[in-house]
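J.: So I've got this file, run_25.cif, and it contains mmCIF, C-alpha atoms:
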data_structure
loop_
_atom_site.label_atom_id
_atom_site.label_comp_id
_atom_site.auth_asym_id
_atom_site.auth_seq_id
_atom_site.Cartn_x
_atom_site.Cartn_y
_atom_site.Cartn_z
CA MET R 273 6.44 -14.63 -37.75
CA GLN R 274 6.28 -10.81 -37.75
CA LEU R 275 6.95 -8.79 -34.58
CA LYS R 276 3.46 -7.32 -34.80
CA THR R 277 1.98 -10.85 -34.67
CA ILE R 278 4.19 -11.73 -31.68
CA LEU R 279 3.06 -8.60 -29.82
CA ASN R 280 -0.59 -9.44 -30.47
CA ARG R 281 -0.06 -12.89 -28.99
CA VAL R 282 2.04 -12.08 -25.93
CA GLN R 283 0.99 -8.50 -25.07
CA LYS R 284 -2.42 -7.57 -26.39
CA PHE R 285 -3.92 -4.35 -25.01
CA LYS R 286 -7.69 -4.08 -24.82
CA SER R 287 -9.06 -1.14 -26.85
CA PHE R 288 -5.73 -0.57 -28.64
CA VAL R 289 -4.26 -1.96 -31.88
CA TYR R 290 -0.71 -2.14 -33.20
CA GLY R 291 0.24 -0.25 -36.34
CA ALA R 292 3.49 -0.11 -38.27
CA VAL R 293 6.65 -1.66 -36.82
CA ARG R 294 10.01 -0.28 -37.95
CA TRP R 295 13.70 -0.62 -37.19
CA THR R 296 15.39 2.62 -36.04
CA GLU R 297 18.70 2.96 -37.89
CA THR R 298 19.81 6.17 -36.16
CA ALA R 299 19.68 4.82 -32.57
CA ARG R 300 22.90 3.93 -30.75
CA GLU R 301 21.48 0.57 -29.62
CA PRO R 302 19.30 -1.89 -31.59
CA THR R 303 15.83 -0.31 -31.38
CA VAL R 304 12.37 -1.07 -32.72
CA GLU R 305 9.48 1.42 -32.77
CA VAL R 306 5.87 0.24 -32.76
CA GLU R 307 2.92 2.50 -33.54
CA LEU R 308 -0.19 2.18 -31.38
CA PHE R 309 -3.70 3.44 -32.11
CA PRO R 310 -7.00 3.38 -30.19
CA ARG R 311 -9.38 0.73 -31.47
CA ARG R 312 -12.11 2.19 -33.65
CA GLY R 313 -15.19 3.05 -31.59
CA SER R 314 -13.43 2.62 -28.23
CA ARG R 315 -13.80 5.23 -25.49
CA PRO R 316 -10.80 6.42 -23.45
CA VAL R 317 -10.59 5.54 -19.76
CA CYS R 318 -10.10 8.29 -17.17
CA SER R 319 -6.77 7.89 -15.35
CA GLY R 320 -8.40 9.18 -12.16
CA CYS R 321 -11.59 7.19 -11.59
CA GLY R 322 -10.96 4.42 -14.14
CA ARG R 323 -14.28 4.89 -15.96
CA LYS R 324 -14.87 5.25 -19.67
CA ARG R 325 -15.51 8.88 -20.58
CA ALA R 326 -16.10 11.05 -23.62
CA GLY R 327 -13.01 12.27 -25.46
CA TYR R 328 -11.81 15.84 -25.03
CA ASP R 329 -8.85 16.18 -27.40
CA THR R 330 -5.66 14.38 -28.51
CA LEU R 331 -2.14 15.31 -27.43
CA ALA R 332 1.03 15.11 -29.50
CA ARG R 333 2.51 11.66 -30.13
CA ARG R 334 4.87 10.40 -27.41
CA ARG R 335 7.46 7.66 -27.05
CA PHE R 336 6.98 5.00 -24.34
CA GLU R 337 9.65 2.42 -23.52
CA PHE R 338 8.36 -1.17 -23.52
CA ILE R 339 9.89 -4.49 -22.40
CA PRO R 340 13.02 -5.34 -24.48
CA MET R 341 12.84 -8.30 -26.86
CA TRP R 342 15.93 -10.43 -27.63
CA GLY R 343 18.13 -7.64 -26.30
CA ILE R 344 16.48 -5.10 -28.63
CA LYS R 345 14.88 -1.99 -27.14
CA VAL R 346 11.19 -1.56 -27.97
CA PHE R 347 9.36 1.79 -27.93
CA PHE R 348 5.64 2.47 -28.42
CA LEU R 349 4.61 5.55 -30.39
CA TYR R 350 1.18 6.78 -29.28
CA ALA R 351 -0.77 10.04 -29.21
CA PRO R 352 -2.60 10.04 -25.82
CA ARG R 353 -6.19 11.17 -25.69
CA ARG R 354 -7.61 13.40 -22.98
CA VAL R 355 -11.02 12.73 -21.45
CA ASP R 356 -13.73 15.04 -20.19
CA CYS R 357 -14.56 13.37 -16.86
CA LYS R 358 -17.54 14.56 -14.76
CA ILE R 359 -15.71 13.56 -11.56
CA CYS R 360 -12.03 14.25 -12.25
CA GLY R 361 -12.22 17.00 -14.89
CA VAL R 362 -10.02 16.98 -18.01
CA ARG R 363 -7.43 14.21 -17.67
CA VAL R 364 -5.06 12.19 -19.83
CA GLU R 365 -6.49 8.73 -20.53
CA ARG R 366 -5.23 5.64 -18.70
CA MET R 367 -2.60 3.82 -20.78
CA PRO R 368 -1.69 0.29 -19.63
CA TRP R 369 1.93 0.81 -20.76
CA GLY R 370 2.62 4.28 -19.30
CA ARG R 371 3.32 5.66 -15.79
CA ALA R 372 3.82 9.35 -16.50
CA HIS R 373 0.22 10.16 -15.56
CA GLN R 374 -0.21 7.62 -12.76
CA ASP R 375 -2.79 8.91 -10.27
CA LEU R 376 -1.51 8.72 -6.67
CA SER R 377 -4.16 10.87 -5.00
CA GLY R 378 -6.19 8.10 -3.35
CA VAL R 379 -3.47 5.85 -1.90
CA LYS R 380 -4.36 5.04 1.72
CA ALA R 381 -2.85 1.56 2.22
CA ILE R 382 0.43 0.12 0.94
CA GLY R 383 2.25 -3.19 1.24
CA ILE R 384 6.06 -3.42 1.23
CA ASP R 385 8.02 -6.57 0.44
CA GLU R 386 10.99 -7.84 -1.55
CA ILE R 387 11.65 -10.56 -4.10
CA GLN R 388 14.87 -12.17 -5.25
CA TRP R 389 15.28 -11.53 -8.97
CA GLN R 390 18.82 -12.79 -9.57
CA ARG R 391 21.17 -15.25 -7.93
CA GLY R 392 23.63 -14.01 -5.34
CA HIS R 393 21.13 -12.35 -2.97
CA LYS R 394 20.03 -9.70 -5.47
CA TYR R 395 16.67 -8.33 -4.40
CA LEU R 396 14.06 -5.85 -5.56
CA THR R 397 12.01 -3.82 -3.08
CA LEU R 398 8.38 -3.64 -4.22
CA VAL R 399 5.68 -1.29 -2.92
CA TYR R 400 2.04 -2.06 -3.74
CA GLN R 401 -1.18 -0.14 -3.28
CA ILE R 402 -3.58 -2.49 -1.43
CA ASP R 403 -6.68 -0.31 -1.01
CA ALA R 404 -10.01 -2.08 -1.38
CA GLY R 405 -10.82 -0.30 -4.62
CA CYS R 406 -7.36 -0.34 -6.20
CA LYS R 407 -4.58 -2.92 -6.00
CA ARG R 408 -1.44 -2.39 -8.10
CA LEU R 409 2.34 -2.06 -8.12
CA LEU R 410 3.33 1.50 -7.19
CA TRP R 411 7.11 1.52 -7.05
CA ILE R 412 10.21 -0.65 -7.58
CA GLY R 413 13.59 -0.15 -5.92
CA ASN R 414 16.90 -1.87 -6.58
CA LYS R 415 18.19 -3.93 -3.59
CA ARG R 416 16.59 -4.07 -0.14
CA LYS R 417 18.37 -1.49 1.95
CA ILE R 418 17.36 1.43 4.14
CA LYS R 419 18.39 3.77 1.30
CA THR R 420 16.11 1.88 -1.12
CA LEU R 421 12.93 2.34 0.94
CA LEU R 422 13.86 5.94 1.71
CA GLY R 423 13.87 6.42 -2.07
CA PHE R 424 10.22 5.34 -2.22
CA PHE R 425 9.06 7.83 0.42
CA CYS R 426 11.04 10.59 -1.30
CA TRP R 427 9.33 9.72 -4.62
CA PHE R 428 5.91 9.40 -2.97
CA GLY R 429 6.03 12.91 -1.51
CA ARG R 430 5.41 14.46 1.90
CA GLU R 431 1.70 15.23 1.44
CA ARG R 432 0.78 11.75 0.17
CA LYS R 433 2.91 10.17 2.90
CA ALA R 434 0.95 12.09 5.55
CA ARG R 435 -2.34 10.72 4.16
CA LEU R 436 -1.26 7.08 4.41
CA GLY R 437 -3.48 5.15 6.83
CA TYR R 438 -2.07 1.60 6.74
CA ILE R 439 1.26 -0.03 5.89
CA CYS R 440 1.83 -3.80 5.73
CA SER R 441 5.33 -5.27 5.85
CA ASP R 442 7.34 -8.15 7.25
CA MET R 443 9.62 -7.89 10.31
CA TRP R 444 12.81 -7.01 8.45
CA GLN R 445 14.59 -4.42 10.60
CA PRO R 446 15.53 -1.85 7.89
CA TYR R 447 11.87 -1.69 6.79
CA LEU R 448 10.68 -1.20 10.38
CA LYS R 449 13.15 1.65 10.95
CA VAL R 450 12.27 3.54 7.77
CA ILE R 451 8.50 3.14 8.21
CA ALA R 452 8.69 4.37 11.82
CA LYS R 453 10.73 7.40 10.72
CA LYS R 454 8.92 8.36 7.50
CA ALA R 455 5.32 7.22 8.09
CA GLY R 456 4.89 7.12 11.85
CA GLY R 457 1.30 8.35 11.56
CA ALA R 458 0.16 5.28 9.60
CA LEU R 459 -0.92 2.06 11.29
CA HIS R 460 1.93 -0.39 10.66
CA ILE R 461 0.62 -3.97 10.31
CA LEU R 462 2.99 -6.92 10.41
CA ASP R 463 2.55 -9.60 7.81
CA ARG R 464 0.64 -12.63 9.13
CA PHE R 465 2.06 -14.84 6.39
CA HIS R 466 5.66 -14.22 7.45
CA ILE R 467 4.89 -14.74 11.15
CA MET R 468 3.48 -18.20 10.45
CA ALA R 469 6.45 -18.86 8.15
CA HIS R 470 8.80 -18.20 11.09
CA LEU R 471 6.87 -20.72 13.19
CA SER R 472 6.98 -23.34 10.43
CA LYS R 473 10.72 -22.79 9.99
CA ALA R 474 11.25 -23.29 13.73
CA ILE R 475 9.27 -26.56 13.71
CA ASP R 476 11.25 -27.80 10.72
CA GLU R 477 14.50 -27.05 12.53
CA VAL R 478 13.34 -28.91 15.65
CA ARG R 479 12.13 -31.91 13.62
CA ALA R 480 15.34 -32.20 11.59
CA GLY R 481 17.52 -32.08 14.69
CA GLU R 482 15.39 -34.52 16.64
CA ALA R 483 15.16 -37.02 13.75
CA LYS R 484 18.96 -37.05 13.52
CA GLU R 485 19.23 -37.49 17.29
CA LEU R 486 16.81 -40.45 17.31
CA LYS R 487 18.72 -42.13 14.51
CA GLU R 488 22.08 -41.72 16.30
CA LYS R 489 20.66 -43.24 19.51
CA GLY R 490 19.14 -46.20 17.67
CA TYR R 491 15.50 -45.38 18.42
CA GLU R 492 12.58 -46.05 16.08
CA PRO R 493 12.66 -43.42 13.26
CA VAL R 494 9.13 -42.17 13.92
CA LEU R 495 9.85 -38.73 12.45
CA THR R 496 10.88 -40.09 9.04
CA LYS R 497 8.75 -38.54 6.26
CA SER R 498 6.84 -36.44 8.80
CA ARG R 499 7.84 -32.98 7.60
CA TRP R 500 4.60 -32.02 5.89
CA LEU R 501 2.49 -33.65 8.59
CA LEU R 502 3.78 -31.01 11.00
CA LEU R 503 3.82 -28.06 8.59
CA LYS R 504 0.42 -28.42 6.89
CA ARG R 505 -2.82 -27.20 8.45
CA PRO R 506 -4.92 -30.08 9.85
CA GLU R 507 -7.76 -29.40 7.40
CA ASN R 508 -5.36 -29.81 4.46
CA LEU R 509 -4.08 -33.26 5.45
CA THR R 510 -4.99 -36.35 3.47
CA GLU R 511 -6.68 -39.27 5.22
CA LYS R 512 -3.41 -41.21 5.30
CA GLN R 513 -1.55 -38.19 6.74
CA GLU R 514 -4.23 -37.71 9.42
CA THR R 515 -3.73 -41.31 10.58
CA LYS R 516 0.04 -40.96 10.72
CA LEU R 517 -0.21 -37.63 12.58
CA ALA R 518 -2.56 -39.19 15.15
CA ASP R 519 0.09 -41.87 15.78
CA LEU R 520 2.84 -39.24 16.11
CA LEU R 521 0.86 -37.20 18.65
CA GLN R 522 1.17 -40.09 21.13
CA TYR R 523 4.93 -39.41 21.50
CA ASN R 524 6.30 -36.77 23.86
CA LEU R 525 8.78 -35.39 21.33
CA ARG R 526 10.04 -31.82 21.01
CA SER R 527 8.74 -31.80 17.42
CA ILE R 528 5.23 -32.71 18.57
CA ARG R 529 5.26 -30.09 21.34
CA SER R 530 6.41 -27.49 18.81
CA TYR R 531 3.61 -28.51 16.45
CA LEU R 532 1.01 -28.16 19.23
CA LEU R 533 2.35 -24.72 20.13
CA LYS R 534 2.06 -23.61 16.49
CA GLU R 535 -1.51 -24.87 16.23
CA GLU R 536 -2.38 -23.16 19.50
CA PHE R 537 -0.99 -19.88 18.16
CA GLN R 538 -3.53 -20.01 15.30
CA LEU R 539 -6.15 -18.95 17.89
CA PHE R 540 -4.40 -15.57 18.05
CA TRP R 541 -5.85 -14.58 14.67
CA SER R 542 -9.42 -15.37 15.76
CA TYR R 543 -9.60 -12.52 18.31
CA SER R 544 -11.33 -9.23 17.56
CA SER R 545 -10.13 -7.11 20.47
CA PRO R 546 -6.47 -5.96 20.53
CA TYR R 547 -6.53 -6.21 24.33
CA TRP R 548 -7.57 -9.85 24.49
CA ALA R 549 -5.34 -10.75 21.54
CA GLY R 550 -2.46 -9.21 23.50
CA GLU R 551 -3.38 -11.23 26.60
CA PHE R 552 -3.35 -14.43 24.55
CA LEU R 553 -0.02 -13.50 22.95
CA ASP R 554 1.61 -12.86 26.34
CA LYS R 555 0.43 -16.22 27.73
CA TRP R 556 1.52 -18.09 24.61
CA CYS R 557 4.99 -16.50 24.66
CA THR R 558 5.41 -17.33 28.38
CA LYS R 559 4.37 -20.94 27.76
CA THR R 560 6.72 -21.21 24.78
CA MET R 561 9.68 -19.75 26.71
CA ARG R 562 9.17 -22.49 29.33
CA SER R 563 9.15 -25.24 26.69
CA LYS R 564 12.98 -25.39 26.55
CA ILE R 565 12.77 -25.69 22.75
CA GLU R 566 15.25 -23.09 21.53
CA PRO R 567 13.93 -22.48 17.94
CA MET R 568 10.41 -21.92 19.32
CA LYS R 569 11.77 -19.68 22.10
CA LYS R 570 13.51 -17.59 19.44
CA VAL R 571 10.15 -17.02 17.70
CA ALA R 572 8.50 -16.13 21.03
CA ARG R 573 11.19 -13.52 21.73
CA MET R 574 10.70 -12.06 18.25
CA LEU R 575 6.91 -11.81 18.76
CA ARG R 576 7.38 -10.14 22.13
CA ASN R 577 9.70 -7.55 20.59
CA HIS R 578 7.10 -6.71 17.93
CA ARG R 579 3.99 -6.95 20.13
CA PRO R 580 2.52 -3.45 19.35
CA LEU R 581 2.86 -3.98 15.59
CA LEU R 582 1.28 -7.44 15.81
CA LEU R 583 -1.76 -5.99 17.58
CA ASN R 584 -2.18 -3.34 14.87
CA TRP R 585 -3.78 -6.05 12.72
CA PHE R 586 -6.73 -6.04 15.13
CA ARG R 587 -6.75 -2.23 15.39
CA ALA R 588 -7.15 -2.17 11.60
CA LYS R 589 -10.22 -4.44 12.01
CA LYS R 590 -8.44 -7.19 10.01
CA GLN R 591 -9.03 -5.18 6.81
CA PHE R 592 -5.48 -5.40 5.51
CA SER R 593 -3.02 -8.24 5.28
CA SER R 594 -0.05 -9.09 3.13
CA GLY R 595 -1.92 -11.95 1.48
CA ILE R 596 -2.53 -9.49 -1.37
CA VAL R 597 1.20 -8.68 -1.41
CA GLU R 598 2.14 -12.37 -1.59
CA GLY R 599 -0.20 -12.80 -4.56
CA PHE R 600 1.47 -9.87 -6.34
CA ASN R 601 4.91 -11.25 -5.46
CA ASN R 602 4.07 -14.55 -7.16
CA LYS R 603 3.12 -12.65 -10.33
CA ALA R 604 6.28 -10.55 -10.05
CA LYS R 605 8.48 -13.66 -9.78
CA LEU R 606 6.73 -15.13 -12.83
CA THR R 607 7.37 -11.90 -14.75
CA THR R 608 11.09 -11.86 -13.87
CA ARG R 609 11.36 -15.49 -14.99
CA LYS R 610 9.74 -14.63 -18.30
CA ALA R 611 12.30 -11.82 -18.73
CA TYR R 612 15.23 -14.05 -17.77
CA GLY R 613 17.15 -13.00 -20.89
CA PHE R 614 17.40 -9.39 -19.70
CA ARG R 615 19.84 -9.19 -16.81
CA THR R 616 19.68 -5.45 -16.13
CA TYR R 617 17.62 -3.85 -13.35
CA HIS R 618 16.12 -1.40 -15.86
CA ALA R 619 14.68 -4.24 -17.98
CA ALA R 620 13.21 -5.96 -14.91
CA GLU R 621 11.71 -2.65 -13.79
CA ILE R 622 9.98 -2.07 -17.13
CA ALA R 623 8.65 -5.64 -17.25
CA LEU R 624 7.19 -5.44 -13.72
CA TYR R 625 5.52 -2.05 -14.27
CA HIS R 626 3.91 -3.36 -17.46
CA ALA R 627 2.71 -6.55 -15.74
CA LEU R 628 1.51 -5.15 -12.39
CA GLY R 629 1.37 -1.37 -12.61
CA ALA R 630 -2.17 -0.96 -13.94
#
How does this structure look as structure tokens?

T.:
Amino acid sequence: MQLKTILNRVQKFKSFVYGAVRWTETAREPTVEVELFPRRGSRPVCSGCGRKRAGYDTLARRRFEFIPMWGIKVFFLYAPRRVDCKICGVRVERMPWGRAHQDLSGVKAIGIDEIQWQRGHKYLTLVYQIDAGCKRLLWIGNKRKIKTLLGFFCWFGRERKARLGYICSDMWQPYLKVIAKKAGGALHILDRFHIMAHLSKAIDEVRAGEAKELKEKGYEPVLTKSRWLLLKRPENLTEKQETKLADLLQYNLRSIRSYLLKEEFQLFWSYSSPYWAGEFLDKWCTKTMRSKIEPMKKVARMLRNHRPLLLNWFRAKKQFSSGIVEGFNNKAKLTTRKAYGFRTYHAAEIALYHALGA
């Protein structure tokens, strides 16, 4: 099978066709160059507004690095077209494989998160644009440190940073510090997904400890095979699980009390007013601190410490959440698995920009 055929099967670009493929003998590393041409009759897309526009002229041919294959570097050779856009003026066309002319003028909301891309706690910091009209990967940083996220804001620029309106992230302390320092004017919204994940983790810890305790004391093992009964939402339970959960709720166990506290906390997200959401949060945290269930108390203390950021979700009128970010993260993890043969950060970076950067 020829490389051109493989490219057409695994990475086909709409409105573009592959031309000649050749091996570069003069390169220091194994390198393949692939020519790309616009499909006959296709119109270029403006990199600003994303609409098809009339052509203006064609620039000189450029070299774009693509995802490596079998340890061999791959470069695209393409002569970019410029468009005559009524809204944006004369601009270079949007190319799904290039970032040199990425338009950053309209970025108002971003989501920040990390994914593990190699074993041994090796992470990538990912920043996404999550505006209503445009959702994409903006930037990738190696590791998840304060220095990494500072690198994003340095790349993003002072003027664009000042125009940011909303930032979504989890409660990881280095992220909170950098965002407060570099983008204090934006509304910082904590990730709802991660908050509920902390609650589920606490319930799982309580259940595991209590199940072991019941077994050691010779009591009936009522918590056996009950993990997902307590972690799933009631509407997602099967009929058999609903029956078993109803039986479990009759026991005055720490696991059951933790489960009821978690379900009660779900009401927090139903509020519209930040004031009344804050009142509910304060009462729930007080009730949880009196429960004498240490893992749940730990979550309550964490929520109290981040109270203003939690209430920002309501101040933003519930427009932004990290659900979008989690969806992107799933695609990013799939992309890194596909590129498992390329262990370098640079290869992972190229693969992720190609998959999610458009």

J.: Between R:Glu307, R:Glu551, R:Asp375, R:Glu598, which is the closest to R:Arg333 once you count all atoms listed in the file?

T.: R:Glu307

J.: If you measure from atom CA of R:Phe309 to atom CA of R:Lys324, what distance in Å do you get, rounded to one decimal?

T.: 16.8 Å

J.: Which residue out of R:Lys590, R:Arg354, R:Arg615, R:His460 has the minimum interatomic distance to R:Arg391 when only C-alpha atoms are used?

T.: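 That would be R:Arg615, the residue with the smallest distance to R:Arg391.
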
J.: Report as a list in words the residues that result from applying the PyMOL selection byres ((chain R and resi 483) around 10) to the structure here.

T.: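 Evaluating the PyMOL selection byres ((chain R and resi 483) around 10) on this file yields Val478, Arg479, Ala480, Gly481, Glu482, Lys484, Glu485, Leu486, Lys487, Glu488, Tyr491, Glu492, Pro493, Val494, Leu495, Thr496, Lys497, Ser498 and Ser527 of chain R.
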
J.: From the options R:Met443, R:Leu509, R:Arg315, R:Lys605, which residue's atoms come nearest to R:Phe465, counting only C-alpha atoms?

T.: R:Met443

J.: For the file shown, report as a list in words the outcome of the PyMOL selection byres ((chain R and resi 579) around 12) at residue level.

T.: Met443, His460, Ile461, Leu462, Ile467, Pro546, Tyr547, Ala549, Gly550, Glu551, Phe552, Leu553, Asp554, Cys557, Ala572, Arg573, Met574, Leu575, Arg576, Asn577, His578, Pro580, Leu581, Leu582, Leu583, Asn584, Trp585 and Phe586 of chain R

J.: Given the selection you just returned, output its residues as a file containing C-alpha atoms, formatted as a CSV table (one decimal), in the frame of the given file.

T.:
chain,number,residue,atom,x,y,z
R,443,MET,CA,9.6,-7.9,10.3
R,460,HIS,CA,1.9,-0.4,10.7
R,461,ILE,CA,0.6,-4.0,10.3
R,462,LEU,CA,3.0,-6.9,10.4
R,467,ILE,CA,4.9,-14.7,11.2
R,546,PRO,CA,-6.5,-6.0,20.5
R,547,TYR,CA,-6.5,-6.2,24.3
R,549,ALA,CA,-5.3,-10.8,21.5
R,550,GLY,CA,-2.5,-9.2,23.5
R,551,GLU,CA,-3.4,-11.2,26.6
R,552,PHE,CA,-3.4,-14.4,24.6
R,553,LEU,CA,0.0,-13.5,23.0
R,554,ASP,CA,1.6,-12.9,26.3
R,557,CYS,CA,5.0,-16.5,24.7
R,572,ALA,CA,8.5,-16.1,21.0
R,573,ARG,CA,11.2,-13.5,21.7
R,574,MET,CA,10.7,-12.1,18.2
R,575,LEU,CA,6.9,-11.8,18.8
R,576,ARG,CA,7.4,-10.1,22.1
R,577,ASN,CA,9.7,-7.6,20.6
R,578,HIS,CA,7.1,-6.7,17.9
R,580,PRO,CA,2.5,-3.4,19.4
R,581,LEU,CA,2.9,-4.0,15.6
R,582,LEU,CA,1.3,-7.4,15.8
R,583,LEU,CA,-1.8,-6.0,17.6
R,584,ASN,CA,-2.2,-3.3,14.9
R,585,TRP,CA,-3.8,-6.0,12.7
R,586,PHE,CA,-6.7,-6.0,15.1

J.: Just give me the gap between atom CA of R:Lys276 and atom CA of R:Val304 in Å, one decimal is fine.

T.: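 One can read the atom CA of R:Lys276 to atom CA of R:Val304 distance as 11.1 Å.
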
J.: So, counting only C-alpha atoms, which residue among R:Arg609, R:Arg562, R:Arg432, R:Arg499 is closest to R:Ile475?

T.: R:Arg499

J.: Go through the shown structure with the PyMOL selection byres ((chain R and resi 599) around 12) and write out the matching residues as a tab-separated table (two decimals) with C-alpha atoms, in the coordinates of the input.

T.:
chain	number	residue	atom	x	y	z
R	383	GLY	CA	2.25	-3.19	1.24
R	385	ASP	CA	8.02	-6.57	0.44
R	400	TYR	CA	2.04	-2.06	-3.74
R	402	ILE	CA	-3.58	-2.49	-1.43
R	407	LYS	CA	-4.58	-2.92	-6.00
R	408	ARG	CA	-1.44	-2.39	-8.10
R	409	LEU	CA	2.34	-2.06	-8.12
R	465	PHE	CA	2.06	-14.84	6.39
R	593	SER	CA	-3.02	-8.24	5.28
R	594	SER	CA	-0.05	-9.09	3.13
R	595	GLY	CA	-1.92	-11.95	1.48
R	596	ILE	CA	-2.53	-9.49	-1.37
R	597	VAL	CA	1.20	-8.68	-1.41
R	598	GLU	CA	2.14	-12.37	-1.59
R	600	PHE	CA	1.47	-9.87	-6.34
R	601	ASN	CA	4.91	-11.25	-5.46
R	602	ASN	CA	4.07	-14.55	-7.16
R	603	LYS	CA	3.12	-12.65	-10.33
R	604	ALA	CA	6.28	-10.55	-10.05
R	605	LYS	CA	8.48	-13.66	-9.78
R	606	LEU	CA	6.73	-15.13	-12.83
R	628	LEU	CA	1.51	-5.15	-12.39

J.: Under the rule that only C-alpha atoms are counted, which of R:Leu398, R:Ala518, R:Leu422, R:Ile382 is the nearest residue to R:Arg435?

T.: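 With only C-alpha atoms as the atom set, the closest residue is R:Ile382.
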
J.: Which is closer to R:Ile528 than all the others in R:Trp548, R:Lys394, R:Met568, R:Trp556, using only C-alpha atoms?

T.: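 For R:Ile528, the nearest of the candidates is R:Met568.
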
J.: Could you please determine the separation between atom CA of R:Leu376 and atom CA of R:Thr607 in Å, to one decimal place?

T.: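 That distance, rounded to one decimal, is 23.9 Å.
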
J.: Give me the residues within 8 Å of R:Ala326 as a PyMOL selection string, counting all atoms listed in the file and dropping any in the same chain fewer than 3 places off.

T.: chain R and resi 315-316+355-357

J.: Restricted to C-alpha atoms, what would the selected residues look like written as a tab-separated table (two decimals), in the coordinates of the input?

T.:
chain	number	residue	atom	x	y	z
R	315	ARG	CA	-13.80	5.23	-25.49
R	316	PRO	CA	-10.80	6.42	-23.45
R	355	VAL	CA	-11.02	12.73	-21.45
R	356	ASP	CA	-13.73	15.04	-20.19
R	357	CYS	CA	-14.56	13.37	-16.86

J.: Give me the residues within 7 Å of stretch 278-292 of chain R as an mmCIF file with C-alpha atoms, in the frame of the given file, counting all atoms listed in the file and dropping any in the same chain fewer than 4 places off.

T.:
data_model
loop_
_atom_site.group_PDB
_atom_site.id
_atom_site.type_symbol
_atom_site.label_atom_id
_atom_site.label_comp_id
_atom_site.auth_asym_id
_atom_site.auth_seq_id
_atom_site.Cartn_x
_atom_site.Cartn_y
_atom_site.Cartn_z
ATOM 1 C CA GLN R 274 6.280 -10.810 -37.750
ATOM 2 C CA VAL R 306 5.870 0.240 -32.760
ATOM 3 C CA GLU R 307 2.920 2.500 -33.540
ATOM 4 C CA LEU R 308 -0.190 2.180 -31.380
ATOM 5 C CA PHE R 309 -3.700 3.440 -32.110
ATOM 6 C CA PRO R 310 -7.000 3.380 -30.190
ATOM 7 C CA ARG R 311 -9.380 0.730 -31.470
ATOM 8 C CA SER R 314 -13.430 2.620 -28.230
#

J.: With all atoms listed in the file as the counted atoms, please give the residues lying no more than 12 Å from R:Arg505, apart from itself and same-chain residues fewer than 4 positions off, as a list in words.

T.: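 Listed by chain and then number, they are Met468, Ser472, Trp500, Leu501, Leu509, Thr510, Gln513, Glu514, Leu517, Tyr531, Leu532, Lys534, Glu535, Glu536 and Gln538 of chain R.
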